[in-house]
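Engineer: Questions regarding the structure given below will be posed in turn.
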Amino acid sequence: MTEARRNVRQNHLALAQKILSVAMARGLKSGDHLAEQTFSEACGVSRTPIRSAFKVLEERDILQWRQEEGYFLRLGTADEIASVIRALEDAENSVADRILSDRAERRISDVQSVSALTRRYKVPRASVLNALKILAKDGIVRQLPGRAWAFQPMVDSPAGLEDSFDFRLIMEPQAIIAPEFALDSKRAGLLREQMNSTLSKLDGRLTPAIFRRIDIEFHTLIAECSGNRFLRGTLAAHHRLRKASQKSAAIPDFRLKQAMLEHLEILDSLERNQFQLAADQIIVHLRRSRIRKPQAANRGIPPLGQGSRT
């Protein structure tokens with residue numbers, strides 16, 4: 001029951017972040033009304049979880065409830081909304097978060113026992129087991145024969161990043177051209193709104209953390225729309241690992257804007273069912289992201305916006 005309640009709470013926090021992203025993308029200001037149906041459609045969920053997420057935001061003084069009127073935004077600027085999104089991403093500093101943080105900082109080794117983690121964090125054994133199950137679901141740890149747990153390689157070192165890009169350059173184009181690829185138009189539309197809003201605010205105020213969140217949502221969307229279940233599952237797990245491994249390293253401003261434009265061009269191709277073109281575009285996109293030097297990225301691949309159409 002404890003794990004179930006925690007998972008529900010995490011879902012509400014994740015939905016609260018998405019609601020604020022929609023609000024920011026649509027330019028909502030302090031005092032604007034947040035209609036349940038509007039956000040239900042934008043987030044692709046029913047109105048019941050929207051109400052729960054609104055309640056989470058009310059508890060944090062982000063929304064205000066008015067009797068017989070509904071919820072209204074308390075925040076006044078996009079910067080304030082972006083700051084709250086970052087705070088929600090850091091919320092609920094659980095045992096799983098502490099384990100993940102220690103792993104990312106190399107304070108614990110590759111293989112751990114439940115007993116060792118119980119002693120380290122001074123929490124009940126059940127809490128450690130629940131935390132490990134949460135991390136296992138995201139592909140961060142796996143249980144070994146016996147009682148030990150092994151961490152998967154993190155995507156937070158130069159070698160890990162290189163391996164990640166090699167993997168994605170092979171798998172992501174295949175996810176797109178696999179038969180029965182079907183773009184989720186609602187999720188794609190929401191992402192498009194967020195990316196257009198991001199592009200309109202590239203004046204030094206936008207943090208790389210927000211860009212990375214949108215970037216991972218974009219690549220996860222592509223993975224989850226693939227018609228091949230093995231590609232879908234493997235890529236989605238890898239993007240969860242990327243999200244868990246994120247660092248706050250700076251991203252050059254030119255690359256921030258360029259990557260967003262590339263996302264939008266890939267979405268354009270996917271919406272027109274030009275899957276081979278989108279696959280070619282994502283190869284260029286990943287190569288540019290890898291080396292951050294657009295003039296050296298193509299190497300025989302057509303520039304984005306060009307190439308054969310299917």
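Chain labels follow the order of the structure tokens: the first chain is A, the next B, and so on; residue numbering restarts at 1 in every chain, and ligands are counted from 1 in their shown order.
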Could you please write out, as an NGL selection string, every residue of stretch 185-269 of chain A that DSSP assigns to alpha helix (DSSP H)?

Structural biologist: :A and (185-199 or 208-224 or 229-244 or 253-269)

Engineer: List the spatial neighbours of A:Glu262 as a list in words - criterion: any atom at most 9 Å away, only C-alpha atoms, same-chain residues fewer than 5 positions off excluded.

Structural biologist: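 Listing them by chain and then by number gives Lys257, Leu267, Gln281, Ile282, Val284, His285 and Leu304 of chain A.
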
Engineer: Skip stretch 41-44 of chain A itself and residues of its chain fewer than 2 positions away, then list as a PDB file with C-alpha atoms, in the first residue's frame all residues within 10 Å of it, counting only C-alpha atoms.

Structural biologist:
```
ATOM      1  CA  LEU A  15       1.001  15.715 -14.019  1.00  0.00           C
ATOM      2  CA  LYS A  18       2.855  19.014 -17.222  1.00  0.00           C
ATOM      3  CA  ILE A  19      -0.029  21.333 -16.274  1.00  0.00           C
ATOM      4  CA  VAL A  22       0.954  23.863 -20.653  1.00  0.00           C
ATOM      5  CA  GLU A  36     -10.358  21.218 -15.973  1.00  0.00           C
ATOM      6  CA  GLN A  37     -11.572  20.162 -19.420  1.00  0.00           C
ATOM      7  CA  THR A  38      -8.953  22.248 -21.212  1.00  0.00           C
ATOM      8  CA  PHE A  39      -6.095  20.697 -19.263  1.00  0.00           C
ATOM      9  CA  SER A  46      -9.387  12.382 -17.523  1.00  0.00           C
ATOM     10  CA  ARG A  47     -10.557  15.227 -15.321  1.00  0.00           C
ATOM     11  CA  ILE A  50      -6.339  16.780 -13.281  1.00  0.00           C
ATOM     12  CA  ASP A 184       0.285  10.470 -30.638  1.00  0.00           C
ATOM     13  CA  LYS A 186      -2.222  15.094 -28.583  1.00  0.00           C
ATOM     14  CA  ARG A 187       1.180  14.609 -26.983  1.00  0.00           C
ATOM     15  CA  GLY A 189       0.700  19.046 -30.034  1.00  0.00           C
ATOM     16  CA  LEU A 190       1.473  19.697 -26.380  1.00  0.00           C
ATOM     17  CA  LEU A 191       5.198  19.319 -27.013  1.00  0.00           C
TER      18      LEU A 191
END
```

Engineer: Pick out the closest residue to A:Leu161 from this set: A:Ser289, A:Met260, A:Ala209, A:Leu231. Count only C-alpha atoms.

Structural biologist: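 Smallest separation from A:Leu161 among the options: A:Ser289.
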
Engineer: Tell me, as JSON, numbers by chain, which residues lie within 8 Å of A:Ile222, counting only C-alpha atoms; anything in the same chain fewer than 4 positions away does not count.

Structural biologist: {"A": [172, 175, 176, 183, 218, 226]}

Engineer: Taking N, CA and C atoms for each residue, export the selection above as a PDB file, in the first residue's frame.

Structural biologist:
```
ATOM      1  N   GLU A 172      16.910   4.900 -32.669  1.00  0.00           N
ATOM      2  CA  GLU A 172      15.822   5.875 -32.843  1.00  0.00           C
ATOM      3  C   GLU A 172      15.340   5.965 -34.293  1.00  0.00           C
ATOM      4  N   ALA A 175      13.135   3.033 -34.843  1.00  0.00           N
ATOM      5  CA  ALA A 175      11.834   3.157 -34.168  1.00  0.00           C
ATOM      6  C   ALA A 175      10.842   3.903 -35.046  1.00  0.00           C
ATOM      7  N   ILE A 176      11.339   4.870 -35.815  1.00  0.00           N
ATOM      8  CA  ILE A 176      10.466   5.675 -36.668  1.00  0.00           C
ATOM      9  C   ILE A 176      10.038   4.904 -37.914  1.00  0.00           C
ATOM     10  N   LEU A 183       2.045   8.357 -34.570  1.00  0.00           N
ATOM     11  CA  LEU A 183       2.305   9.510 -33.723  1.00  0.00           C
ATOM     12  C   LEU A 183       1.096   9.832 -32.865  1.00  0.00           C
ATOM     13  N   PHE A 218      10.385  14.636 -25.772  1.00  0.00           N
ATOM     14  CA  PHE A 218      10.301  14.511 -27.232  1.00  0.00           C
ATOM     15  C   PHE A 218      10.805  13.142 -27.689  1.00  0.00           C
ATOM     16  N   SER A 226       6.515   4.055 -31.560  1.00  0.00           N
ATOM     17  CA  SER A 226       7.017   3.060 -32.504  1.00  0.00           C
ATOM     18  C   SER A 226       6.088   1.858 -32.573  1.00  0.00           C
TER      19      SER A 226
END
```

Engineer: Tell me which of A:His33, A:Leu132, A:Leu264, A:Cys225 sits closest to A:Arg192, counting only C-alpha atoms.

Structural biologist: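 That would be A:Leu264, the residue with the smallest distance to A:Arg192.
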
Engineer: Kindly give the distance, in Å, that separates atom CA of A:Phe72 and atom CA of A:Met24, rounded to a single decimal.

Structural biologist: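 Between atom CA of A:Phe72 and atom CA of A:Met24 the gap is 13.8 Å.
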
Engineer: Have a look at A:Ala14, A:Ala236, A:Met154, A:Ile62 and name the one nearest to A:Ser101; count only C-alpha atoms.

Structural biologist: A:Met154

Engineer: What does the distance from atom CA of A:Val155 to atom CA of A:Ser245 come to in Å, to one decimal?

Structural biologist: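 These two atoms are separated by 5.5 Å.
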
Engineer: Pick out each residue of stretch 110-166 of chain A that DSSP on the backbone tags as strand (DSSP E or B); I need them as a PyMOL selection string.

Structural biologist: chain A and resi 111-113+141-143+148-151

Engineer: Would you put the residues from that selection into a file with C-alpha atoms, as a short mmCIF file (atom, residue, chain, number, x, y, z; two decimals), in the first residue's frame?

Structural biologist:
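Output below, filename selection.cif:
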```cif
data_model
loop_
_atom_site.label_atom_id
_atom_site.label_comp_id
_atom_site.auth_asym_id
_atom_site.auth_seq_id
_atom_site.Cartn_x
_atom_site.Cartn_y
_atom_site.Cartn_z
CA VAL A 111 26.56 -3.72 -6.44
CA GLN A 112 24.64 -3.18 -3.21
CA SER A 113 22.76 -5.33 -0.73
CA VAL A 141 19.02 -1.29 -11.07
CA ARG A 142 18.41 -5.00 -11.50
CA GLN A 143 18.23 -7.78 -8.95
CA ALA A 148 22.21 -8.22 -4.22
CA TRP A 149 21.21 -5.45 -6.63
CA ALA A 150 23.36 -4.13 -9.47
CA PHE A 151 23.23 -0.62 -10.92
#
```

Engineer: Closest to A:Phe211 among A:Ile251, A:Leu144, A:Ala178, A:Leu34, using only C-alpha atoms?

Structural biologist: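 Among A:Ile251, A:Leu144, A:Ala178, A:Leu34, it is A:Ile251 that comes nearest to A:Phe211.
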
Engineer: Using only C-alpha atoms, which residue out of A:Phe275, A:Gly139, A:Asp110, A:His12 lies closest to A:Thr48?

Structural biologist: A:His12

Engineer: Please, what distance in Å, to one decimal, runs between atom CA of A:Glu105 and atom CA of A:Asp163?

Structural biologist: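 Between these atoms lies a distance of 19.5 Å.
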
Engineer: Leaving out A:Val123 and any residue of its chain fewer than 6 positions from it, which residues lie within 12 Å of it when counting only C-alpha atoms, given as a JSON list (two decimals) with C-alpha atoms, in the first residue's frame?

Structural biologist:
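Final file, around-v2.json:
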```
[["chain", "number", "residue", "atom", "x", "y", "z"],
["A", 94, "SER", "CA", 12.63, 9.78, -1.07],
["A", 95, "VAL", "CA", 14.96, 6.89, -0.39],
["A", 96, "ALA", "CA", 14.99, 6.18, -4.12],
["A", 98, "ARG", "CA", 18.85, 9.49, -2.16],
["A", 114, "VAL", "CA", 19.48, -4.34, 0.88],
["A", 115, "SER", "CA", 21.12, -4.67, 4.31],
["A", 116, "ALA", "CA", 23.93, -2.26, 3.39],
["A", 117, "LEU", "CA", 21.47, 0.31, 2.06],
["A", 129, "LEU", "CA", 13.06, -2.62, -1.14],
["A", 130, "ASN", "CA", 10.33, -0.26, -2.34],
["A", 131, "ALA", "CA", 12.98, 2.25, -3.48]]
```
